[in-house]
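For reference, the structure discussed in these notes is given below.
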Amino acid sequence: MSNKKQSVRVGVDIGGTFTDVALEVDGSLHTTKVLTDYTAPERAILKGLKQVLDQVGLGYADIDVIIHGTTLATNALIERRGVKTAFITTAGFRDVIEMRTENRFEQYDLDIVLPAALIERADRHVLRERVAADGRVLLAPDEAEISALIDTIAAGGYESVAIGFLHSYMNGAHEQQMRQALSQRLPNVSVSISSEVSPQIREYERFNTVCANAYVKPLIKSYLERLRSELKGCGAVCDVFMMHSGGGIISVETAADFPVRLVESGPAGGAIFAANIAERYGIESVVSFDMGGTTAKICLIEQYNPKTAKTFEVARTYRFKKGSGMPISIPVVEMVEIGAGGGSIAAVDGMNQIRVGPRSAGSEPGPACYQRGGKLPTVTDANVLLGKLDPDYFAGGQMKLSSPLAADAIRQEVADRLSLTETSAAYGIIEVVDENMANAGRVHAVESGHDIGGFTMITFGGGGPVHAARLCEKMGIRAFIVPYGAGVGSALGFLRAPFGFESARSGFMRLSAFDAGKVNQLLAAMEDEAGTFARQGLRNAEPVIERTAYMRYAGQGWEIPVSLPVRAFTQADRDYLAAEFEKAYVRFFGRAIDRLDIEIVSWSVRAASAPQPVTRLERQQQYRDAAPMGTRQVFEAKLEAFVAAAVHDREQLAVGDRVVGPAVIVERETATIVPSKFVATVQADLCLFVEMQQDSQA
């Protein structure tokens, strides 16, 4: 027996319903799902870790690294469960986070209600100070006023303070001065400053981001300390790293200081996972579809890179319309996220129409079929009635589902109200949620200038493979891929993600007044910041640097990203930058605009570990029909009837096996539905390539 130590890596994703654990031992994969524990999320992690370690006969001390993503920060923002937080801002700007941008996200709704500000007005305080847009100090803060303000904070009993001053992205000295004074007088109060959390132009987004960071910072810091303590108590001696929203990995210490960067960390892992699969097969246009217990996430991936942005929204309150949520200005993998998961609750509205989500039954009490006290019908309940989920083999047989309880919930809340049979009501629930997801995917593609019909879908999450075929039919997509271990796809994505950090700052400059010296100075400072954070996980390796400028024509309201070379700039580069911007503009909008000046608004520098080499695979050309282990009745939407579907165990399928629909391919954490006119084949890496036959019409 070899004495070489095994490489043991673990990815852990805490979702709204399930906590997913993926353990990789020298390339072999072991996974599990456990219900998320809302009161102490670390307990679910330890429970899942023990299950996968027992599968391979290892202990906590054998783990080399744990990479973790979580929705805890997101949920705290959505549910307003953060700590008591104060916001200190420039005098005259107390109400910025309440006034927002004054944009109406629903133009014709006379009863429109704007989302409430994260921090109430009574907890927002001001300081007389002023920095100009170019960073010059116009009014320095008075020490006596700072002292009086700290007295107010102390009397208010705040646990955390957010500081956001006007134009501090250009000069953060006043924010640092206020923080230092607070920390000296109130050392137990957590402090976040906008010039470090989000040094970007647009005060509403920047102020809101620093408020969100301060609001959840003590909660996340406490959770991470408990997690590390519990792991140490179990015998683990490994490093723990966190997935961040931009698709990279950062240290626990960085995550504790900037917890707002953990918002969307789980979905980002899923997008990285899908991008890895896409590159493996050389598929340049991919739509990633991740459906869990609470939400569904859709992301476009081109040239093996997920689409990214520097601002996104959480907690949208108005039919998931853009502008109705809470803007967070940090680097993020851009995706559309809707309240459509296995736990999404179905109801009948005042017009006798079936509605699904965004409310979710979560894990407590969960869908009615979970037998944990839930009474309301969910997507999972409907899938049980339609034969798409096996009540005796859910979560690998660890959870037994109750078909009678699912039927009772659907009958009482939907079927009886619409004079439908239970089957018809369940069919209606699934069609509504599938159409919601398909519509979100179509709109997301159109907003990015694409026809989604030309893409290939890569699907994962507990619900993704169950719904993928029907979504493909609705969106005109002819093929989808179900990776091995798809049920815990985001956790697997953590194991494929690079160690890295992205620094984003505003630095306005018109090309007509281009100053190469200032640009080099700014980018050098950003590279130093990003590299410092990235090296925390890279040990002795040097990070790979990527630079981006966000540019626009003068007078426009938003910017587009333009990749920059990693070198010192000279004055001659003004023409180079103009040409690169116009190339990017043509790619986005079809044609450039003549005789307009060009502006650079913001910059980003990403420092990350070198990309992991990806082995290209060719699709299997030789197939053999796999023998099923039985059949069961599964409802097929296109036929509007039950069909006898062959049942296959994914663990028993070998490379080259072919499964012709109608069929169900079951595995521990999910099931792949293969309808009539679809064929699934097992590839060399055990992915399922599921393709619509050519004579089938969507």
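Residue names in the structure tokens use chain letters A, B, ... in the order shown, residue numbers from 1 in each chain, and ligand numbers from 1 in the order shown.
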
Which residues are near region 581-598 of chain A? Cut-off 6 Å, only C-alpha atoms, ignore same chain within fewer than 6 positions. Put them as a list in words. Arg510, Leu511, Arg552, Tyr553 and Ala554 of chain A

Residues from the last selection, N, CA and C atoms, saved as a PDB file, in the first residue's frame:
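Output file part.pdb follows:
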```
ATOM      1  N   ARG A 510     -11.932  61.318 -18.560  1.00  0.00           N
ATOM      2  CA  ARG A 510     -12.262  61.360 -19.989  1.00  0.00           C
ATOM      3  C   ARG A 510     -10.997  61.095 -20.803  1.00  0.00           C
ATOM      4  N   LEU A 511     -11.160  60.389 -21.909  1.00  0.00           N
ATOM      5  CA  LEU A 511      -9.981  60.091 -22.734  1.00  0.00           C
ATOM      6  C   LEU A 511      -9.366  61.357 -23.308  1.00  0.00           C
ATOM      7  N   ARG A 552     -17.838  54.409 -21.156  1.00  0.00           N
ATOM      8  CA  ARG A 552     -19.080  54.813 -21.818  1.00  0.00           C
ATOM      9  C   ARG A 552     -18.799  56.042 -22.680  1.00  0.00           C
ATOM     10  N   TYR A 553     -19.721  56.348 -23.560  1.00  0.00           N
ATOM     11  CA  TYR A 553     -19.665  57.623 -24.257  1.00  0.00           C
ATOM     12  C   TYR A 553     -20.120  58.726 -23.299  1.00  0.00           C
ATOM     13  N   ALA A 554     -19.536  59.906 -23.434  1.00  0.00           N
ATOM     14  CA  ALA A 554     -19.903  61.032 -22.576  1.00  0.00           C
ATOM     15  C   ALA A 554     -21.400  61.292 -22.687  1.00  0.00           C
TER      16      ALA A 554
END
```

Step one, run DSSP on the backbone; step two, keep only residues of region 164-195 of chain A assigned to helix (DSSP H, G or I); then write them as an mmCIF file with N, CA, C and O atoms, in the first residue's frame.
```cif
data_model
loop_
_atom_site.group_PDB
_atom_site.id
_atom_site.type_symbol
_atom_site.label_atom_id
_atom_site.label_comp_id
_atom_site.auth_asym_id
_atom_site.auth_seq_id
_atom_site.Cartn_x
_atom_site.Cartn_y
_atom_site.Cartn_z
ATOM 1 N N ALA A 173 -10.107 59.548 3.669
ATOM 2 C CA ALA A 173 -9.448 59.976 4.915
ATOM 3 C C ALA A 173 -10.451 60.285 6.028
ATOM 4 O O ALA A 173 -10.231 59.943 7.189
ATOM 5 N N HIS A 174 -11.560 60.941 5.683
ATOM 6 C CA HIS A 174 -12.535 61.299 6.713
ATOM 7 C C HIS A 174 -13.232 60.052 7.277
ATOM 8 O O HIS A 174 -13.519 59.989 8.482
ATOM 9 N N GLU A 175 -13.517 59.083 6.425
ATOM 10 C CA GLU A 175 -14.110 57.836 6.912
ATOM 11 C C GLU A 175 -13.137 57.113 7.847
ATOM 12 O O GLU A 175 -13.538 56.585 8.889
ATOM 13 N N GLN A 176 -11.880 57.101 7.484
ATOM 14 C CA GLN A 176 -10.879 56.451 8.331
ATOM 15 C C GLN A 176 -10.742 57.182 9.666
ATOM 16 O O GLN A 176 -10.576 56.555 10.723
ATOM 17 N N GLN A 177 -10.816 58.511 9.617
ATOM 18 C CA GLN A 177 -10.732 59.305 10.846
ATOM 19 C C GLN A 177 -11.913 58.983 11.770
ATOM 20 O O GLN A 177 -11.739 58.807 12.986
ATOM 21 N N MET A 178 -13.104 58.899 11.206
ATOM 22 C CA MET A 178 -14.293 58.592 12.003
ATOM 23 C C MET A 178 -14.204 57.182 12.577
ATOM 24 O O MET A 178 -14.550 56.946 13.741
ATOM 25 N N ARG A 179 -13.727 56.233 11.771
ATOM 26 C CA ARG A 179 -13.595 54.858 12.248
ATOM 27 C C ARG A 179 -12.593 54.768 13.398
ATOM 28 O O ARG A 179 -12.841 54.089 14.401
ATOM 29 N N GLN A 180 -11.470 55.438 13.256
ATOM 30 C CA GLN A 180 -10.444 55.384 14.299
ATOM 31 C C GLN A 180 -10.979 55.931 15.615
ATOM 32 O O GLN A 180 -10.751 55.351 16.690
ATOM 33 N N ALA A 181 -11.711 57.029 15.548
ATOM 34 C CA ALA A 181 -12.272 57.617 16.765
ATOM 35 C C ALA A 181 -13.303 56.683 17.400
ATOM 36 O O ALA A 181 -13.337 56.511 18.628
ATOM 37 N N LEU A 182 -14.132 56.057 16.573
ATOM 38 C CA LEU A 182 -15.128 55.110 17.082
ATOM 39 C C LEU A 182 -14.465 53.907 17.743
ATOM 40 O O LEU A 182 -14.855 53.480 18.834
ATOM 41 N N SER A 183 -13.456 53.368 17.095
ATOM 42 C CA SER A 183 -12.795 52.163 17.600
ATOM 43 C C SER A 183 -12.074 52.430 18.915
ATOM 44 O O SER A 183 -11.987 51.552 19.777
ATOM 45 N N GLN A 184 -11.555 53.642 19.066
ATOM 46 C CA GLN A 184 -10.868 53.973 20.323
ATOM 47 C C GLN A 184 -11.848 54.089 21.482
ATOM 48 O O GLN A 184 -11.582 53.622 22.593
ATOM 49 N N ARG A 185 -13.002 54.701 21.233
ATOM 50 C CA ARG A 185 -13.984 54.905 22.291
ATOM 51 C C ARG A 185 -14.882 53.690 22.500
ATOM 52 O O ARG A 185 -15.281 53.390 23.631
ATOM 53 N N SER A 194 -17.269 52.805 3.670
ATOM 54 C CA SER A 194 -17.589 52.572 2.259
ATOM 55 C C SER A 194 -16.363 52.635 1.361
ATOM 56 O O SER A 194 -16.327 51.997 0.307
ATOM 57 N N SER A 195 -15.328 53.393 1.757
ATOM 58 C CA SER A 195 -14.138 53.511 0.915
ATOM 59 C C SER A 195 -13.341 52.209 0.871
ATOM 60 O O SER A 195 -12.459 52.048 0.027
#
```

Return as JSON lines the residues of region 320-404 of chain A lying at most 7 Å from region 627-639 of chain A, together with the closest atom-to-atom pair for each and the distance in Å to one decimal, counting only C-alpha atoms, with rows in chain order and ascending residue number.
```
{"residue": "A:Leu386", "atom": "CA", "partner": "A:Phe635", "partner_atom": "CA", "distance": 5.1}
{"residue": "A:Gly387", "atom": "CA", "partner": "A:Val634", "partner_atom": "CA", "distance": 4.5}
{"residue": "A:Lys388", "atom": "CA", "partner": "A:Val634", "partner_atom": "CA", "distance": 5.9}
```

To one decimal in Å, tell me the separation between CA of Ala40 (chain A) and CA of Leu227 (chain A). 9.5 Å

So that I can check the surroundings of region 52-65 of chain A, please list as an NGL selection string every protein, DNA and RNA residue that reaches within 10 Å of it, counting only C-alpha atoms and ignoring chain neighbours fewer than 6 positions away. :A and (5-11 or 21-25 or 29-33 or 46 or 231-241 or 495)

What does the distance between CA of Cys472 (chain A) and CA of Val332 (chain A) come to in Å, to one decimal place?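 Answer for the CA of Cys472 (chain A) to CA of Val332 (chain A) separation: 26.3 Å.
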
Quick one: contact table of region 528-642 of chain A to region 676-691 of chain A, 12 Å max, nearest atom pair and distance in Å to one decimal per residue, counting only C-alpha atoms, chain and number order, as JSON lines?
```
{"residue": "A:Thr615", "atom": "CA", "partner": "A:Asp685", "partner_atom": "CA", "distance": 10.3}
{"residue": "A:Arg616", "atom": "CA", "partner": "A:Asp685", "partner_atom": "CA", "distance": 10.5}
{"residue": "A:Leu617", "atom": "CA", "partner": "A:Ala684", "partner_atom": "CA", "distance": 7.5}
{"residue": "A:Glu618", "atom": "CA", "partner": "A:Ala684", "partner_atom": "CA", "distance": 8.3}
{"residue": "A:Arg619", "atom": "CA", "partner": "A:Gln683", "partner_atom": "CA", "distance": 6.5}
{"residue": "A:Gln620", "atom": "CA", "partner": "A:Gln683", "partner_atom": "CA", "distance": 5.8}
{"residue": "A:Gln621", "atom": "CA", "partner": "A:Gln683", "partner_atom": "CA", "distance": 9.5}
{"residue": "A:Gln622", "atom": "CA", "partner": "A:Thr681", "partner_atom": "CA", "distance": 9.8}
{"residue": "A:Tyr623", "atom": "CA", "partner": "A:Thr681", "partner_atom": "CA", "distance": 7.5}
{"residue": "A:Arg624", "atom": "CA", "partner": "A:Thr681", "partner_atom": "CA", "distance": 9.1}
{"residue": "A:Asp625", "atom": "CA", "partner": "A:Thr681", "partner_atom": "CA", "distance": 9.1}
{"residue": "A:Ala626", "atom": "CA", "partner": "A:Thr681", "partner_atom": "CA", "distance": 9.5}
{"residue": "A:Val634", "atom": "CA", "partner": "A:Ser676", "partner_atom": "CA", "distance": 11.0}
{"residue": "A:Phe635", "atom": "CA", "partner": "A:Ser676", "partner_atom": "CA", "distance": 11.0}
{"residue": "A:Glu636", "atom": "CA", "partner": "A:Ser676", "partner_atom": "CA", "distance": 8.1}
{"residue": "A:Ala637", "atom": "CA", "partner": "A:Ser676", "partner_atom": "CA", "distance": 10.3}
{"residue": "A:Lys638", "atom": "CA", "partner": "A:Ser676", "partner_atom": "CA", "distance": 9.0}
{"residue": "A:Leu639", "atom": "CA", "partner": "A:Ser676", "partner_atom": "CA", "distance": 9.1}
{"residue": "A:Ala641", "atom": "CA", "partner": "A:Ser676", "partner_atom": "CA", "distance": 11.8}
{"residue": "A:Phe642", "atom": "CA", "partner": "A:Ser676", "partner_atom": "CA", "distance": 11.4}
```

Measuring between only C-alpha atoms, which one of A:Ala212, A:Ala117, A:Ala255, A:Leu149 shows the shortest distance to Ser198 (chain A)? A:Ala212

So which residues touch Gly531 (chain A) within 10 Å, counting only C-alpha atoms, skipping near sequence neighbours fewer than 2 positions away, as a count of residues only? 22

Per residue of region 310-404 of chain A within 10 Å of region 429-436 of chain A, record the nearest atom pair and its distance in Å to one decimal, counting only C-alpha atoms, with rows in chain order and ascending residue number, as JSON lines.
```
{"residue": "A:Ile338", "atom": "CA", "partner": "A:Asn436", "partner_atom": "CA", "distance": 8.3}
{"residue": "A:Gly339", "atom": "CA", "partner": "A:Val433", "partner_atom": "CA", "distance": 9.3}
{"residue": "A:Ala340", "atom": "CA", "partner": "A:Val433", "partner_atom": "CA", "distance": 6.4}
{"residue": "A:Gly341", "atom": "CA", "partner": "A:Val433", "partner_atom": "CA", "distance": 8.5}
{"residue": "A:Gly342", "atom": "CA", "partner": "A:Val433", "partner_atom": "CA", "distance": 9.9}
{"residue": "A:Ser344", "atom": "CA", "partner": "A:Val433", "partner_atom": "CA", "distance": 8.9}
{"residue": "A:Ile345", "atom": "CA", "partner": "A:Ile429", "partner_atom": "CA", "distance": 9.4}
{"residue": "A:Ala346", "atom": "CA", "partner": "A:Ile429", "partner_atom": "CA", "distance": 6.7}
{"residue": "A:Ala347", "atom": "CA", "partner": "A:Ile429", "partner_atom": "CA", "distance": 8.8}
{"residue": "A:Gln353", "atom": "CA", "partner": "A:Val432", "partner_atom": "CA", "distance": 9.7}
{"residue": "A:Ile354", "atom": "CA", "partner": "A:Ile429", "partner_atom": "CA", "distance": 6.7}
{"residue": "A:Arg355", "atom": "CA", "partner": "A:Val432", "partner_atom": "CA", "distance": 7.1}
{"residue": "A:Val356", "atom": "CA", "partner": "A:Val433", "partner_atom": "CA", "distance": 6.1}
{"residue": "A:Gly357", "atom": "CA", "partner": "A:Val433", "partner_atom": "CA", "distance": 8.2}
{"residue": "A:Pro377", "atom": "CA", "partner": "A:Ile429", "partner_atom": "CA", "distance": 9.3}
{"residue": "A:Thr378", "atom": "CA", "partner": "A:Ile429", "partner_atom": "CA", "distance": 8.2}
{"residue": "A:Val379", "atom": "CA", "partner": "A:Ile430", "partner_atom": "CA", "distance": 6.5}
{"residue": "A:Thr380", "atom": "CA", "partner": "A:Ile430", "partner_atom": "CA", "distance": 9.2}
{"residue": "A:Asp381", "atom": "CA", "partner": "A:Ile429", "partner_atom": "CA", "distance": 9.7}
{"residue": "A:Ala382", "atom": "CA", "partner": "A:Ile429", "partner_atom": "CA", "distance": 6.8}
{"residue": "A:Asn383", "atom": "CA", "partner": "A:Ile430", "partner_atom": "CA", "distance": 7.5}
{"residue": "A:Leu386", "atom": "CA", "partner": "A:Ile430", "partner_atom": "CA", "distance": 9.3}
```

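Distance-wise, CA of Arg124 (chain A) and CA of Ile146 (chain A) end up 14.6 Å apart.
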
Long-range neighbours of region 128-140 of chain A as a list in words, 7 Å cut-off, only C-alpha atoms, 3 positions minimum in chain: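 That gives Thr90, Ala91, Leu166, His167, Met170 and Asn171 of chain A.
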
Can I get the selected residues back with N, CA and C atoms, as a PDB file, in the first residue's frame?
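part_27.pdb, freshly written:
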```pdb
ATOM      1  N   THR A  90     -22.497  62.117   5.403  1.00  0.00           N
ATOM      2  CA  THR A  90     -22.257  63.553   5.266  1.00  0.00           C
ATOM      3  C   THR A  90     -23.542  64.336   5.534  1.00  0.00           C
ATOM      4  N   ALA A  91     -23.441  65.436   6.264  1.00  0.00           N
ATOM      5  CA  ALA A  91     -24.610  66.276   6.535  1.00  0.00           C
ATOM      6  C   ALA A  91     -25.287  66.671   5.226  1.00  0.00           C
ATOM      7  N   LEU A 166     -19.690  61.453   1.306  1.00  0.00           N
ATOM      8  CA  LEU A 166     -19.741  61.839  -0.097  1.00  0.00           C
ATOM      9  C   LEU A 166     -18.341  61.821  -0.721  1.00  0.00           C
ATOM     10  N   HIS A 167     -18.229  61.186  -1.879  1.00  0.00           N
ATOM     11  CA  HIS A 167     -16.991  61.122  -2.669  1.00  0.00           C
ATOM     12  C   HIS A 167     -15.825  60.457  -1.935  1.00  0.00           C
ATOM     13  N   MET A 170     -12.933  58.605  -3.712  1.00  0.00           N
ATOM     14  CA  MET A 170     -11.750  59.324  -4.183  1.00  0.00           C
ATOM     15  C   MET A 170     -10.788  59.658  -3.047  1.00  0.00           C
ATOM     16  N   ASN A 171     -11.327  59.825  -1.852  1.00  0.00           N
ATOM     17  CA  ASN A 171     -10.496  60.161  -0.690  1.00  0.00           C
ATOM     18  C   ASN A 171     -11.231  59.675   0.558  1.00  0.00           C
TER      19      ASN A 171
END
```

With DSSP run on the backbone, what are the strand (DSSP E or B) residues within region 48-228 of chain A? I'd like them as a ChimeraX atom specification. /A:65-70,85-90,124-127,130-131,137-139,160-164,190-193

Spatial neighbours of region 515-520 of chain A, max dist 7 Å, only C-alpha atoms, sep filter under 4 positions, as a list of chain:residue names: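 In the requested format, the answer is A:Ala524, A:Ala568, A:Phe569, A:Thr570, A:Gln571.
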
Restricting the output to C-alpha atoms, write the selected residues as a PDB file, in the first residue's frame.
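Result file follows (selection.pdb):
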```
ATOM      1  CA  ALA A 524      -0.915  49.731  -8.947  1.00  0.00           C
ATOM      2  CA  ALA A 568       2.231  50.380 -17.608  1.00  0.00           C
ATOM      3  CA  PHE A 569       0.272  52.842 -19.740  1.00  0.00           C
ATOM      4  CA  THR A 570       1.659  55.790 -21.686  1.00  0.00           C
ATOM      5  CA  GLN A 571      -0.068  58.838 -23.165  1.00  0.00           C
TER       6      GLN A 571
END
```

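Proximity to Val664 (chain A) at 7 Å, evaluated using only C-alpha atoms and with sequence-adjacent residues fewer than 5 positions away removed, yields Ala645, Ala646, Val647, His648, Ala671, Thr672, Ile673 and Val674 of chain A.
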
Residues from the last selection, N, CA, C and O atoms, saved as a PDB file, in the first residue's frame:
```pdb
ATOM      1  N   ALA A 645     -42.442   5.019 -17.588  1.00  0.00           N
ATOM      2  CA  ALA A 645     -41.048   5.452 -17.737  1.00  0.00           C
ATOM      3  C   ALA A 645     -40.106   4.404 -17.165  1.00  0.00           C
ATOM      4  O   ALA A 645     -40.324   3.898 -16.057  1.00  0.00           O
ATOM      5  N   ALA A 646     -39.066   4.088 -17.943  1.00  0.00           N
ATOM      6  CA  ALA A 646     -38.036   3.172 -17.450  1.00  0.00           C
ATOM      7  C   ALA A 646     -37.244   3.856 -16.346  1.00  0.00           C
ATOM      8  O   ALA A 646     -36.948   5.053 -16.431  1.00  0.00           O
ATOM      9  N   VAL A 647     -36.923   3.142 -15.285  1.00  0.00           N
ATOM     10  CA  VAL A 647     -36.171   3.685 -14.153  1.00  0.00           C
ATOM     11  C   VAL A 647     -34.759   3.115 -14.173  1.00  0.00           C
ATOM     12  O   VAL A 647     -34.566   1.893 -14.234  1.00  0.00           O
ATOM     13  N   HIS A 648     -33.769   4.002 -14.138  1.00  0.00           N
ATOM     14  CA  HIS A 648     -32.365   3.602 -14.142  1.00  0.00           C
ATOM     15  C   HIS A 648     -31.675   4.190 -12.917  1.00  0.00           C
ATOM     16  O   HIS A 648     -31.954   5.324 -12.521  1.00  0.00           O
ATOM     17  N   ALA A 671     -32.905  13.568  -9.531  1.00  0.00           N
ATOM     18  CA  ALA A 671     -33.353  12.616 -10.554  1.00  0.00           C
ATOM     19  C   ALA A 671     -33.429  13.365 -11.874  1.00  0.00           C
ATOM     20  O   ALA A 671     -33.871  14.517 -11.928  1.00  0.00           O
ATOM     21  N   THR A 672     -32.990  12.713 -12.947  1.00  0.00           N
ATOM     22  CA  THR A 672     -33.049  13.319 -14.276  1.00  0.00           C
ATOM     23  C   THR A 672     -34.253  12.755 -15.019  1.00  0.00           C
ATOM     24  O   THR A 672     -34.350  11.542 -15.230  1.00  0.00           O
ATOM     25  N   ILE A 673     -35.167  13.646 -15.415  1.00  0.00           N
ATOM     26  CA  ILE A 673     -36.335  13.236 -16.186  1.00  0.00           C
ATOM     27  C   ILE A 673     -35.969  13.281 -17.668  1.00  0.00           C
ATOM     28  O   ILE A 673     -35.531  14.315 -18.178  1.00  0.00           O
ATOM     29  N   VAL A 674     -36.129  12.143 -18.348  1.00  0.00           N
ATOM     30  CA  VAL A 674     -35.851  12.033 -19.789  1.00  0.00           C
ATOM     31  C   VAL A 674     -37.183  11.763 -20.481  1.00  0.00           C
ATOM     32  O   VAL A 674     -37.655  10.624 -20.516  1.00  0.00           O
TER      33      VAL A 674
END
```

Taking only residues of region 494-563 of chain A that have an atom at most 10 Å from an atom of region 272-289 of chain A, what is each one's shortest atom pair and its distance in Å to one decimal, using only C-alpha atoms, in chain and number order, as a Markdown table?
```
| residue | atom | partner | partner_atom | distance |
| --- | --- | --- | --- | --- |
| A:Phe494 | CA | A:Phe273 | CA | 7.7 |
| A:Leu495 | CA | A:Phe273 | CA | 8.5 |
| A:Arg496 | CA | A:Phe273 | CA | 6.6 |
| A:Ala497 | CA | A:Ile272 | CA | 6.3 |
| A:Pro498 | CA | A:Ile272 | CA | 9.3 |
```

Would you mind exporting C-alpha atoms of the selected residues as a CSV table (one decimal), in the first residue's frame?
```
chain,number,residue,atom,x,y,z
A,494,PHE,CA,-16.3,25.6,-4.9
A,495,LEU,CA,-13.7,22.9,-5.5
A,496,ARG,CA,-13.1,24.2,-9.0
A,497,ALA,CA,-13.0,28.0,-8.2
A,498,PRO,CA,-9.7,29.9,-8.1
```

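Distance check against Val252 (chain A) using only C-alpha atoms: of A:Ala479, A:Leu492, A:Leu224, A:Val643, the minimum falls on A:Leu224.
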
Just checking: using only C-alpha atoms, which residue out of A:Ser609, A:Thr71, A:Thr548, A:Thr295 ends up closest to Met437 (chain A)?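 Among the listed residues, A:Thr295 lies closest to Met437 (chain A).
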
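Take the candidates A:Phe499, A:Glu203, A:Ala256, A:Leu405 and check each one against Lys221 (chain A) using only C-alpha atoms; the shortest distance goes to A:Ala256.
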